[in-house]
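Content type PDB, C-alpha atoms, from the file coords26.pdb:
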ATOM      1  CA  MET A   1     -21.746 -72.509  77.478
ATOM      2  CA  SER A   2     -25.492 -72.652  78.039
ATOM      3  CA  SER A   3     -26.150 -74.746  81.142
ATOM      4  CA  GLU A   4     -29.846 -75.021  80.304
ATOM      5  CA  THR A   5     -29.035 -77.480  77.523
ATOM      6  CA  HIS A   6     -27.651 -79.923  80.085
ATOM      7  CA  LEU A   7     -30.641 -80.197  82.425
ATOM      8  CA  ASP A   8     -32.877 -83.026  81.292
ATOM      9  CA  ASN A   9     -36.315 -83.537  82.827
ATOM     10  CA  ARG A  10     -34.874 -85.620  85.645
ATOM     11  CA  LEU A  11     -32.483 -82.920  86.800
ATOM     12  CA  ARG A  12     -35.052 -80.184  86.196
ATOM     13  CA  LEU A  13     -37.417 -81.950  88.570
ATOM     14  CA  CYS A  14     -34.654 -82.157  91.160
ATOM     15  CA  ALA A  15     -33.981 -78.451  90.642
ATOM     16  CA  ALA A  16     -37.668 -77.638  91.130
ATOM     17  CA  PHE A  17     -37.531 -79.111  94.648
ATOM     18  CA  VAL A  18     -34.573 -76.969  95.770
ATOM     19  CA  ARG A  19     -35.598 -74.071  98.004
ATOM     20  CA  GLN A  20     -34.916 -70.494  96.968
ATOM     21  CA  GLY A  21     -31.823 -69.178  98.728
ATOM     22  CA  ALA A  22     -30.632 -72.578  99.938
ATOM     23  CA  ARG A  23     -26.970 -73.501  99.901
ATOM     24  CA  LEU A  24     -26.695 -76.706  97.890
ATOM     25  CA  ALA A  25     -24.756 -79.949  98.148
ATOM     26  CA  ASP A  26     -25.082 -82.142  95.067
ATOM     27  CA  ILE A  27     -23.919 -85.659  95.904
ATOM     28  CA  GLY A  28     -22.840 -87.743  92.932
ATOM     29  CA  THR A  29     -22.666 -84.590  90.846
ATOM     30  CA  ASP A  30     -20.828 -86.026  87.815
ATOM     31  CA  HIS A  31     -20.784 -83.057  85.372
ATOM     32  CA  ALA A  32     -22.006 -80.555  88.019
ATOM     33  CA  TYR A  33     -24.823 -79.464  85.707
ATOM     34  CA  LEU A  34     -27.366 -79.137  88.506
ATOM     35  CA  PRO A  35     -25.369 -76.887  90.891
ATOM     36  CA  VAL A  36     -24.210 -74.721  88.000
ATOM     37  CA  TRP A  37     -27.782 -74.287  86.758
ATOM     38  CA  LEU A  38     -29.127 -73.470  90.217
ATOM     39  CA  CYS A  39     -26.421 -70.915  90.955
ATOM     40  CA  ARG A  40     -26.614 -69.341  87.493
ATOM     41  CA  HIS A  41     -30.384 -68.890  87.833
ATOM     42  CA  GLY A  42     -30.171 -67.325  91.281
ATOM     43  CA  VAL A  43     -31.800 -70.177  93.184
ATOM     44  CA  CYS A  44     -28.720 -71.003  95.243
ATOM     45  CA  PRO A  45     -26.079 -68.529  96.426
ATOM     46  CA  SER A  46     -23.469 -71.283  96.583
ATOM     47  CA  ALA A  47     -23.069 -74.994  95.994
ATOM     48  CA  ILE A  48     -20.796 -77.937  96.643
ATOM     49  CA  ALA A  49     -20.559 -80.383  93.744
ATOM     50  CA  ALA A  50     -19.380 -83.639  95.309
ATOM     51  CA  ASP A  51     -18.468 -86.993  93.819
ATOM     52  CA  ILE A  52     -16.657 -90.078  95.099
ATOM     53  CA  ASN A  53     -14.639 -90.512  91.895
ATOM     54  CA  PRO A  54     -11.971 -88.117  90.568
ATOM     55  CA  ALA A  55     -12.887 -88.465  86.867
ATOM     56  CA  PRO A  56     -16.486 -87.201  87.091
ATOM     57  CA  LEU A  57     -15.365 -84.553  89.543
ATOM     58  CA  GLN A  58     -12.876 -83.310  86.964
ATOM     59  CA  ARG A  59     -15.714 -83.102  84.430
ATOM     60  CA  GLY A  60     -17.699 -81.154  86.981
ATOM     61  CA  GLN A  61     -14.816 -78.754  87.522
ATOM     62  CA  MET A  62     -14.681 -78.114  83.781
ATOM     63  CA  THR A  63     -18.411 -77.295  83.793
ATOM     64  CA  VAL A  64     -17.950 -74.883  86.689
ATOM     65  CA  GLU A  65     -15.015 -73.140  85.037
ATOM     66  CA  ALA A  66     -16.779 -72.872  81.690
ATOM     67  CA  ALA A  67     -19.753 -71.251  83.431
ATOM     68  CA  GLY A  68     -17.500 -68.774  85.240
ATOM     69  CA  LEU A  69     -18.873 -69.860  88.614
ATOM     70  CA  GLY A  70     -15.686 -70.873  90.370
ATOM     71  CA  ASP A  71     -16.409 -68.370  93.132
ATOM     72  CA  ARG A  72     -19.801 -69.943  93.913
ATOM     73  CA  VAL A  73     -19.578 -73.644  93.037
ATOM     74  CA  GLN A  74     -16.916 -75.728  94.738
ATOM     75  CA  THR A  75     -16.093 -79.239  93.543
ATOM     76  CA  ARG A  76     -15.139 -81.688  96.256
ATOM     77  CA  LEU A  77     -14.061 -85.326  96.362
ATOM     78  CA  SER A  78     -16.380 -86.955  98.880
ATOM     79  CA  ASP A  79     -17.769 -90.370  99.768
ATOM     80  CA  GLY A  80     -21.394 -89.369 100.133
ATOM     81  CA  LEU A  81     -21.585 -86.468 102.585
ATOM     82  CA  ALA A  82     -18.382 -87.377 104.430
ATOM     83  CA  ALA A  83     -16.513 -84.301 103.169
ATOM     84  CA  VAL A  84     -19.467 -81.893 103.410
ATOM     85  CA  GLY A  85     -19.743 -80.088 106.729
ATOM     86  CA  ALA A  86     -22.975 -79.806 108.679
ATOM     87  CA  ASP A  87     -23.141 -76.042 108.198
ATOM     88  CA  GLU A  88     -22.117 -75.931 104.542
ATOM     89  CA  ALA A  89     -25.402 -76.920 102.905
ATOM     90  CA  ASP A  90     -29.124 -76.511 103.522
ATOM     91  CA  ASP A  91     -30.530 -78.534 100.614
ATOM     92  CA  ILE A  92     -28.876 -81.817  99.711
ATOM     93  CA  VAL A  93     -29.514 -83.511  96.378
ATOM     94  CA  ILE A  94     -28.677 -87.208  96.113
ATOM     95  CA  ALA A  95     -29.578 -88.318  92.608
ATOM     96  CA  GLY A  96     -28.703 -90.821  89.934
ATOM     97  CA  MET A  97     -27.985 -93.844  92.124
ATOM     98  CA  GLY A  98     -29.847 -96.792  93.604
ATOM     99  CA  GLY A  99     -32.265 -96.385  96.478
ATOM    100  CA  GLU A 100     -30.178 -98.624  98.745
ATOM    101  CA  LEU A 101     -27.084 -96.481  98.216
ATOM    102  CA  ILE A 102     -29.020 -93.265  98.831
ATOM    103  CA  ALA A 103     -30.322 -94.731 102.106
ATOM    104  CA  ALA A 104     -26.780 -95.710 103.113
ATOM    105  CA  ILE A 105     -25.461 -92.201 102.391
ATOM    106  CA  ILE A 106     -28.150 -90.624 104.557
ATOM    107  CA  ASP A 107     -27.604 -93.211 107.280
ATOM    108  CA  ARG A 108     -23.894 -92.399 107.467
ATOM    109  CA  CYS A 109     -24.484 -88.647 107.639
ATOM    110  CA  PRO A 110     -24.189 -87.461 111.278
ATOM    111  CA  TYR A 111     -26.349 -84.378 110.701
ATOM    112  CA  ALA A 112     -29.049 -85.882 108.472
ATOM    113  CA  LYS A 113     -31.617 -85.630 111.261
ATOM    114  CA  ARG A 114     -31.180 -81.906 111.775
ATOM    115  CA  ALA A 115     -34.493 -80.155 111.213
ATOM    116  CA  ASP A 116     -32.915 -77.544 108.956
ATOM    117  CA  LYS A 117     -31.679 -80.101 106.432
ATOM    118  CA  HIS A 118     -33.747 -80.772 103.321
ATOM    119  CA  PHE A 119     -33.052 -83.756 101.080
ATOM    120  CA  ILE A 120     -34.002 -84.081  97.407
ATOM    121  CA  LEU A 121     -33.703 -87.746  96.487
ATOM    122  CA  GLN A 122     -33.857 -89.326  93.034
ATOM    123  CA  PRO A 123     -33.403 -93.106  93.132
ATOM    124  CA  MET A 124     -32.647 -94.815  89.830
ATOM    125  CA  THR A 125     -33.714 -98.202  91.198
ATOM    126  CA  LYS A 126     -35.341 -99.706  94.306
ATOM    127  CA  SER A 127     -37.250 -96.596  95.318
ATOM    128  CA  GLU A 128     -39.405 -98.819  97.534
ATOM    129  CA  GLN A 129     -36.389 -99.723  99.660
ATOM    130  CA  LEU A 130     -35.507 -96.061 100.040
ATOM    131  CA  VAL A 131     -39.064 -95.187 101.107
ATOM    132  CA  ARG A 132     -39.000 -98.026 103.644
ATOM    133  CA  TYR A 133     -35.758 -96.725 105.112
ATOM    134  CA  LEU A 134     -37.064 -93.170 105.318
ATOM    135  CA  CYS A 135     -40.255 -94.248 107.080
ATOM    136  CA  GLU A 136     -38.446 -96.487 109.549
ATOM    137  CA  LYS A 137     -35.883 -93.814 110.441
ATOM    138  CA  GLY A 138     -38.326 -90.961 110.970
ATOM    139  CA  PHE A 139     -37.987 -89.041 107.699
ATOM    140  CA  SER A 140     -41.082 -87.574 106.070
ATOM    141  CA  ILE A 141     -41.706 -87.349 102.330
ATOM    142  CA  ASP A 142     -43.070 -83.816 102.019
ATOM    143  CA  LYS A 143     -43.792 -84.151  98.318
ATOM    144  CA  GLN A 144     -43.023 -86.487  95.439
ATOM    145  CA  ASP A 145     -43.312 -86.211  91.690
ATOM    146  CA  CYS A 146     -42.309 -88.090  88.543
ATOM    147  CA  CYS A 147     -40.975 -87.239  85.117
ATOM    148  CA  VAL A 148     -39.904 -88.910  81.915
ATOM    149  CA  ALA A 149     -36.365 -88.420  80.619
ATOM    150  CA  GLY A 150     -34.735 -90.349  77.811
ATOM    151  CA  GLY A 151     -37.785 -92.566  77.541
ATOM    152  CA  LYS A 152     -37.554 -93.686  81.180
ATOM    153  CA  CYS A 153     -39.720 -92.721  84.140
ATOM    154  CA  TYR A 154     -38.133 -91.358  87.322
ATOM    155  CA  THR A 155     -39.344 -90.184  90.704
ATOM    156  CA  VAL A 156     -38.009 -87.402  92.926
ATOM    157  CA  MET A 157     -38.785 -86.974  96.631
ATOM    158  CA  SER A 158     -38.542 -83.961  98.929
ATOM    159  CA  VAL A 159     -37.622 -85.239 102.397
ATOM    160  CA  THR A 160     -37.078 -83.852 105.901
ATOM    161  CA  TYR A 161     -36.565 -85.458 109.290
ATOM    162  CA  THR A 162     -39.523 -85.338 111.684
ATOM    163  CA  GLY A 163     -38.699 -88.192 114.056
ATOM    164  CA  ASP A 164     -42.040 -89.824 113.395
ATOM    165  CA  GLY A 165     -40.753 -93.233 112.385
ATOM    166  CA  GLY A 166     -42.185 -96.703 112.309
ATOM    167  CA  GLU A 167     -42.818 -99.781 110.201
ATOM    168  CA  PRO A 168     -44.517 -98.625 106.988
ATOM    169  CA  ASP A 169     -47.309-100.429 105.218
ATOM    170  CA  GLU A 170     -45.807-102.445 102.377
ATOM    171  CA  LEU A 171     -47.951-100.669  99.790
ATOM    172  CA  LEU A 172     -46.741 -97.256 100.982
ATOM    173  CA  CYS A 173     -43.159 -98.250 100.189
ATOM    174  CA  TYR A 174     -44.182 -98.403  96.533
ATOM    175  CA  THR A 175     -46.677 -95.546  96.333
ATOM    176  CA  GLY A 176     -45.060 -92.924  98.538
ATOM    177  CA  LYS A 177     -46.822 -89.619  97.897
ATOM    178  CA  LEU A 178     -47.730 -90.445  94.302
ATOM    179  CA  ARG A 179     -51.269 -89.959  93.009
ATOM    180  CA  PRO A 180     -51.764 -92.103  89.884
ATOM    181  CA  ALA A 181     -55.472 -91.268  89.609
ATOM    182  CA  GLU A 182     -54.534 -87.612  89.112
ATOM    183  CA  ASN A 183     -51.255 -87.821  87.219
ATOM    184  CA  GLU A 184     -50.477 -90.016  84.206
ATOM    185  CA  ILE A 185     -46.720 -89.936  84.810
ATOM    186  CA  HIS A 186     -47.235 -91.088  88.413
ATOM    187  CA  LEU A 187     -49.318 -93.923  86.999
ATOM    188  CA  ARG A 188     -46.592 -94.832  84.525
ATOM    189  CA  PHE A 189     -43.996 -94.985  87.285
ATOM    190  CA  LEU A 190     -46.180 -97.195  89.481
ATOM    191  CA  ARG A 191     -46.973 -99.444  86.524
ATOM    192  CA  GLY A 192     -43.254-100.157  86.378
ATOM    193  CA  HIS A 193     -43.380-101.335  89.981
ATOM    194  CA  LEU A 194     -46.463-103.380  89.184
ATOM    195  CA  ASP A 195     -44.797-105.149  86.261
ATOM    196  CA  ARG A 196     -41.842-106.122  88.442
ATOM    197  CA  LEU A 197     -44.078-107.370  91.228
ATOM    198  CA  ARG A 198     -46.057-109.522  88.801
ATOM    199  CA  LYS A 199     -42.826-111.153  87.620
ATOM    200  CA  MET A 200     -41.653-111.717  91.206
ATOM    201  CA  ALA A 201     -45.029-113.263  92.023
ATOM    202  CA  LEU A 202     -44.206-116.140  89.683
ATOM    203  CA  GLY A 203     -41.750-117.317  92.328
ATOM    204  CA  ASP A 204     -43.441-116.026  95.468
ATOM    205  CA  ALA A 205     -47.202-115.623  95.771
ATOM    206  CA  ARG A 206     -46.817-112.931  98.421
ATOM    207  CA  TYR A 207     -45.719-110.510  95.727
ATOM    208  CA  GLY A 208     -48.923-111.289  93.885
ATOM    209  CA  VAL A 209     -50.979-110.089  96.838
ATOM    210  CA  LEU A 210     -48.965-106.870  96.945
ATOM    211  CA  ALA A 211     -49.328-106.469  93.174
ATOM    212  CA  ASP A 212     -53.094-106.769  93.518
ATOM    213  CA  ARG A 213     -53.093-104.017  96.153
ATOM    214  CA  LEU A 214     -50.911-101.783  94.005
ATOM    215  CA  GLU A 215     -53.091-102.337  90.946
ATOM    216  CA  ALA A 216     -56.174-101.425  92.955
ATOM    217  CA  PHE A 217     -54.415 -98.253  94.127
ATOM    218  CA  CYS A 218     -53.502 -97.381  90.537
ATOM    219  CA  ASP A 219     -57.118 -97.920  89.507
ATOM    220  CA  GLY A 220     -58.283 -95.536  92.230
ATOM    221  CA  ASP A 221     -59.746 -98.270  94.420
ATOM    222  CA  THR A 222     -58.183 -97.458  97.779
TER     223      THR A 222
END

Here is the file; what I need is its structure written in the form of structure tokens.
Amino acid sequence: MSSETHLDNRLRLCAAFVRQGARLADIGTDHAYLPVWLCRHGVCPSAIAADINPAPLQRGQMTVEAAGLGDRVQTRLSDGLAAVGADEADDIVIAGMGGELIAAIIDRCPYAKRADKHFILQPMTKSEQLVRYLCEKGFSIDKQDCCVAGGKCYTVMSVTYTGDGGEPDELLCYTGKLRPAENEIHLRFLRGHLDRLRKMALGDARYGVLADRLEAFCDGDT
């Protein structure tokens, strides 16, 4: 089996944010492609591939066994990080689910605010709600990037806890660390937000004001 064939651009971007030598926990792992790839390529010495449902976890176990990495990648049934110990992982990937669910998983994790923990987050929807949560709870987005996979645009965030929390500006919840004036894929992702805000503005003019601010940001008028 060649694990490279299973990493699309979305998972490759997640992989790019994982630190060299970090022990990994991949939450919502499904086929366990990401932990297998990272361990096979020497990025991570070990990994926990966790999922809340038995069926995807079984698929993940098959991937691990086919790669011959049973001694380095452990599959584990877990509701979020509930079954992952505080000292078992350094870098934690939570990908392929809605921003609200990602926020809830972090919020339930008793060790999420440890300075040595590094989160790589890839929300499929409602990234603005995830960014709001992170800002309010004292997490810092160290870096953020976007990619296109399967014709859709996704964003990935690298996050750590700093304790510097507070109410974020509404525009920041949408823009995060993205730089649309410098990166066409960042612009494409933010244009998706803009389209949704314009539709919401038909029922609530406040979204129109926010859409105007976001459009100005996309046009480089900050």

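Residues selected in this file by the PyMOL selection byres ((chain A and resi 12-16) around 9) comprise Leu7, Asp8, Asn9, Arg10, Leu11, Phe17, Val18, Arg19, Leu34, Pro35, Trp37, Leu38, Val43, Val93, Ala95, Ile120, Leu121, Gln122, Asp145, Cys146, Cys147, Thr155, Val156, Met157 and Ser158 of chain A.
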
**Message:** What would the selection look like, as a PyMOL selection string, if the PyMOL selection byres ((chain A and resi 50) around 12) were run on the coordinates I just shared?
**Reply:** chain A and resi 24-35+47-49+51-61+73-85+89+92-95

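Near Pro45 (chain A), within a cut-off of 7 Å and counting all atoms listed in the file, sit the residues Gly21, Arg23, Cys39 and Arg72 of chain A, with same-chain residues fewer than 4 positions away left out.
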
**Prompt:** In Å to one decimal, how far is CA of Val148 (chain A) from CA of Pro168 (chain A)?
**Reply:** 27.3 Å

**Asked** Applied to this file, what does the PyMOL selection byres ((chain A and resi 159) around 12) return in terms of residues, put as a PyMOL selection string?
**Response** chain A and resi 17-18+91-94+103+106+112-122+130-131+133-135+137-144+156-158+160-162+176-177

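Every protein, DNA or RNA residue with an atom at most 8 Å from region 192-199 of chain A, where all atoms listed in the file count and chain neighbours fewer than 6 positions away do not, is listed here: Tyr174, Tyr207, Gly208, Leu210, Ala211, Leu214 and Glu215 of chain A.
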
**Request:** Could you tell me which of A:Arg206, A:Ser46, A:Arg179, A:Met124 comes closest to Ala149 (chain A) if we count all atoms listed in the file?
**Result:** A:Met124

**Request:** For CA of Leu187 (chain A) and CA of Cys218 (chain A), quote the distance in Å rounded to one decimal.
**Result:** 6.5 Å

Mind giving me the axis-aligned box for region 195-202 of chain A with 4 Å on every side, centre plus edges in Å to one decimal, as JSON?
{"center_x": -43.9, "center_y": -110.6, "center_z": 89.1, "size_x": 12.4, "size_y": 19.0, "size_z": 13.8}

**Asked** CA of Thr125 (chain A) and CA of Arg191 (chain A) are how many Å apart?
**Response** 14.1 Å

Place all heavy atoms on region 152-163 of chain A and deliver the coordinates as a PDB file, in the coordinates of the input.
ATOM      1  N   LYS A 152     -37.399 -92.974  79.908  1.00  0.00           N
ATOM      2  CA  LYS A 152     -37.554 -93.686  81.180  1.00  0.00           C
ATOM      3  C   LYS A 152     -38.270 -92.798  82.195  1.00  0.00           C
ATOM      4  O   LYS A 152     -38.188 -91.573  82.121  1.00  0.00           O
ATOM      5  CB  LYS A 152     -36.198 -94.120  81.728  1.00  0.00           C
ATOM      6  CG  LYS A 152     -35.471 -95.114  80.834  1.00  0.00           C
ATOM      7  CD  LYS A 152     -34.146 -95.545  81.446  1.00  0.00           C
ATOM      8  CE  LYS A 152     -33.427 -96.543  80.553  1.00  0.00           C
ATOM      9  NZ  LYS A 152     -32.124 -96.973  81.127  1.00  0.00           N
ATOM     10  N   CYS A 153     -38.953 -93.440  83.132  1.00  0.00           N
ATOM     11  CA  CYS A 153     -39.720 -92.721  84.140  1.00  0.00           C
ATOM     12  C   CYS A 153     -38.956 -92.703  85.460  1.00  0.00           C
ATOM     13  O   CYS A 153     -38.443 -93.737  85.904  1.00  0.00           O
ATOM     14  CB  CYS A 153     -41.084 -93.397  84.316  1.00  0.00           C
ATOM     15  SG  CYS A 153     -42.309 -92.351  85.119  1.00  0.00           S
ATOM     16  N   TYR A 154     -38.876 -91.536  86.077  1.00  0.00           N
ATOM     17  CA  TYR A 154     -38.133 -91.358  87.322  1.00  0.00           C
ATOM     18  C   TYR A 154     -39.013 -90.673  88.363  1.00  0.00           C
ATOM     19  O   TYR A 154     -39.953 -89.959  88.018  1.00  0.00           O
ATOM     20  CB  TYR A 154     -36.886 -90.492  87.092  1.00  0.00           C
ATOM     21  CG  TYR A 154     -35.932 -91.046  86.069  1.00  0.00           C
ATOM     22  CD1 TYR A 154     -35.955 -90.593  84.753  1.00  0.00           C
ATOM     23  CD2 TYR A 154     -35.006 -92.021  86.410  1.00  0.00           C
ATOM     24  CE1 TYR A 154     -35.078 -91.098  83.809  1.00  0.00           C
ATOM     25  CE2 TYR A 154     -34.121 -92.529  85.471  1.00  0.00           C
ATOM     26  CZ  TYR A 154     -34.164 -92.069  84.173  1.00  0.00           C
ATOM     27  OH  TYR A 154     -33.294 -92.567  83.236  1.00  0.00           O
ATOM     28  N   THR A 155     -38.650 -90.882  89.625  1.00  0.00           N
ATOM     29  CA  THR A 155     -39.344 -90.184  90.704  1.00  0.00           C
ATOM     30  C   THR A 155     -38.352 -89.379  91.525  1.00  0.00           C
ATOM     31  O   THR A 155     -37.175 -89.758  91.639  1.00  0.00           O
ATOM     32  CB  THR A 155     -40.108 -91.178  91.605  1.00  0.00           C
ATOM     33  OG1 THR A 155     -40.987 -90.442  92.466  1.00  0.00           O
ATOM     34  CG2 THR A 155     -39.173 -92.027  92.453  1.00  0.00           C
ATOM     35  N   VAL A 156     -38.817 -88.272  92.065  1.00  0.00           N
ATOM     36  CA  VAL A 156     -38.009 -87.402  92.926  1.00  0.00           C
ATOM     37  C   VAL A 156     -38.812 -87.118  94.188  1.00  0.00           C
ATOM     38  O   VAL A 156     -40.010 -86.855  94.127  1.00  0.00           O
ATOM     39  CB  VAL A 156     -37.645 -86.076  92.225  1.00  0.00           C
ATOM     40  CG1 VAL A 156     -36.840 -85.181  93.166  1.00  0.00           C
ATOM     41  CG2 VAL A 156     -36.866 -86.343  90.942  1.00  0.00           C
ATOM     42  N   MET A 157     -38.131 -87.189  95.347  1.00  0.00           N
ATOM     43  CA  MET A 157     -38.785 -86.974  96.631  1.00  0.00           C
ATOM     44  C   MET A 157     -38.152 -85.804  97.375  1.00  0.00           C
ATOM     45  O   MET A 157     -36.932 -85.632  97.356  1.00  0.00           O
ATOM     46  CB  MET A 157     -38.642 -88.217  97.524  1.00  0.00           C
ATOM     47  CG  MET A 157     -39.028 -89.512  96.881  1.00  0.00           C
ATOM     48  SD  MET A 157     -38.532 -90.922  97.927  1.00  0.00           S
ATOM     49  CE  MET A 157     -38.628 -92.249  96.720  1.00  0.00           C
ATOM     50  N   SER A 158     -38.987 -85.023  98.036  1.00  0.00           N
ATOM     51  CA  SER A 158     -38.542 -83.961  98.929  1.00  0.00           C
ATOM     52  C   SER A 158     -38.718 -84.469 100.357  1.00  0.00           C
ATOM     53  O   SER A 158     -39.829 -84.820 100.754  1.00  0.00           O
ATOM     54  CB  SER A 158     -39.375 -82.697  98.694  1.00  0.00           C
ATOM     55  OG  SER A 158     -39.099 -81.722  99.680  1.00  0.00           O
ATOM     56  N   VAL A 159     -37.620 -84.518 101.121  1.00  0.00           N
ATOM     57  CA  VAL A 159     -37.622 -85.239 102.397  1.00  0.00           C
ATOM     58  C   VAL A 159     -37.015 -84.403 103.522  1.00  0.00           C
ATOM     59  O   VAL A 159     -35.998 -83.738 103.331  1.00  0.00           O
ATOM     60  CB  VAL A 159     -36.822 -86.556 102.248  1.00  0.00           C
ATOM     61  CG1 VAL A 159     -36.644 -87.257 103.578  1.00  0.00           C
ATOM     62  CG2 VAL A 159     -37.488 -87.488 101.229  1.00  0.00           C
ATOM     63  N   THR A 160     -37.633 -84.457 104.688  1.00  0.00           N
ATOM     64  CA  THR A 160     -37.078 -83.852 105.901  1.00  0.00           C
ATOM     65  C   THR A 160     -37.257 -84.814 107.063  1.00  0.00           C
ATOM     66  O   THR A 160     -38.105 -85.712 107.030  1.00  0.00           O
ATOM     67  CB  THR A 160     -37.772 -82.520 106.253  1.00  0.00           C
ATOM     68  OG1 THR A 160     -39.193 -82.732 106.288  1.00  0.00           O
ATOM     69  CG2 THR A 160     -37.445 -81.445 105.235  1.00  0.00           C
ATOM     70  N   TYR A 161     -36.473 -84.614 108.103  1.00  0.00           N
ATOM     71  CA  TYR A 161     -36.565 -85.458 109.290  1.00  0.00           C
ATOM     72  C   TYR A 161     -37.586 -84.896 110.270  1.00  0.00           C
ATOM     73  O   TYR A 161     -37.549 -83.715 110.607  1.00  0.00           O
ATOM     74  CB  TYR A 161     -35.210 -85.572 109.982  1.00  0.00           C
ATOM     75  CG  TYR A 161     -35.251 -86.462 111.206  1.00  0.00           C
ATOM     76  CD1 TYR A 161     -35.312 -87.841 111.074  1.00  0.00           C
ATOM     77  CD2 TYR A 161     -35.249 -85.909 112.483  1.00  0.00           C
ATOM     78  CE1 TYR A 161     -35.358 -88.667 112.195  1.00  0.00           C
ATOM     79  CE2 TYR A 161     -35.291 -86.726 113.602  1.00  0.00           C
ATOM     80  CZ  TYR A 161     -35.348 -88.102 113.455  1.00  0.00           C
ATOM     81  OH  TYR A 161     -35.408 -88.910 114.565  1.00  0.00           O
ATOM     82  N   THR A 162     -38.514 -85.741 110.693  1.00  0.00           N
ATOM     83  CA  THR A 162     -39.523 -85.338 111.684  1.00  0.00           C
ATOM     84  C   THR A 162     -39.428 -86.148 112.969  1.00  0.00           C
ATOM     85  O   THR A 162     -39.956 -85.747 113.989  1.00  0.00           O
ATOM     86  CB  THR A 162     -40.940 -85.499 111.108  1.00  0.00           C
ATOM     87  OG1 THR A 162     -41.179 -86.893 110.823  1.00  0.00           O
ATOM     88  CG2 THR A 162     -41.106 -84.681 109.831  1.00  0.00           C
ATOM     89  N   GLY A 163     -38.781 -87.315 112.899  1.00  0.00           N
ATOM     90  CA  GLY A 163     -38.699 -88.192 114.056  1.00  0.00           C
ATOM     91  C   GLY A 163     -39.878 -89.129 114.208  1.00  0.00           C
ATOM     92  O   GLY A 163     -39.917 -89.963 115.113  1.00  0.00           O
TER      93      GLY A 163
END
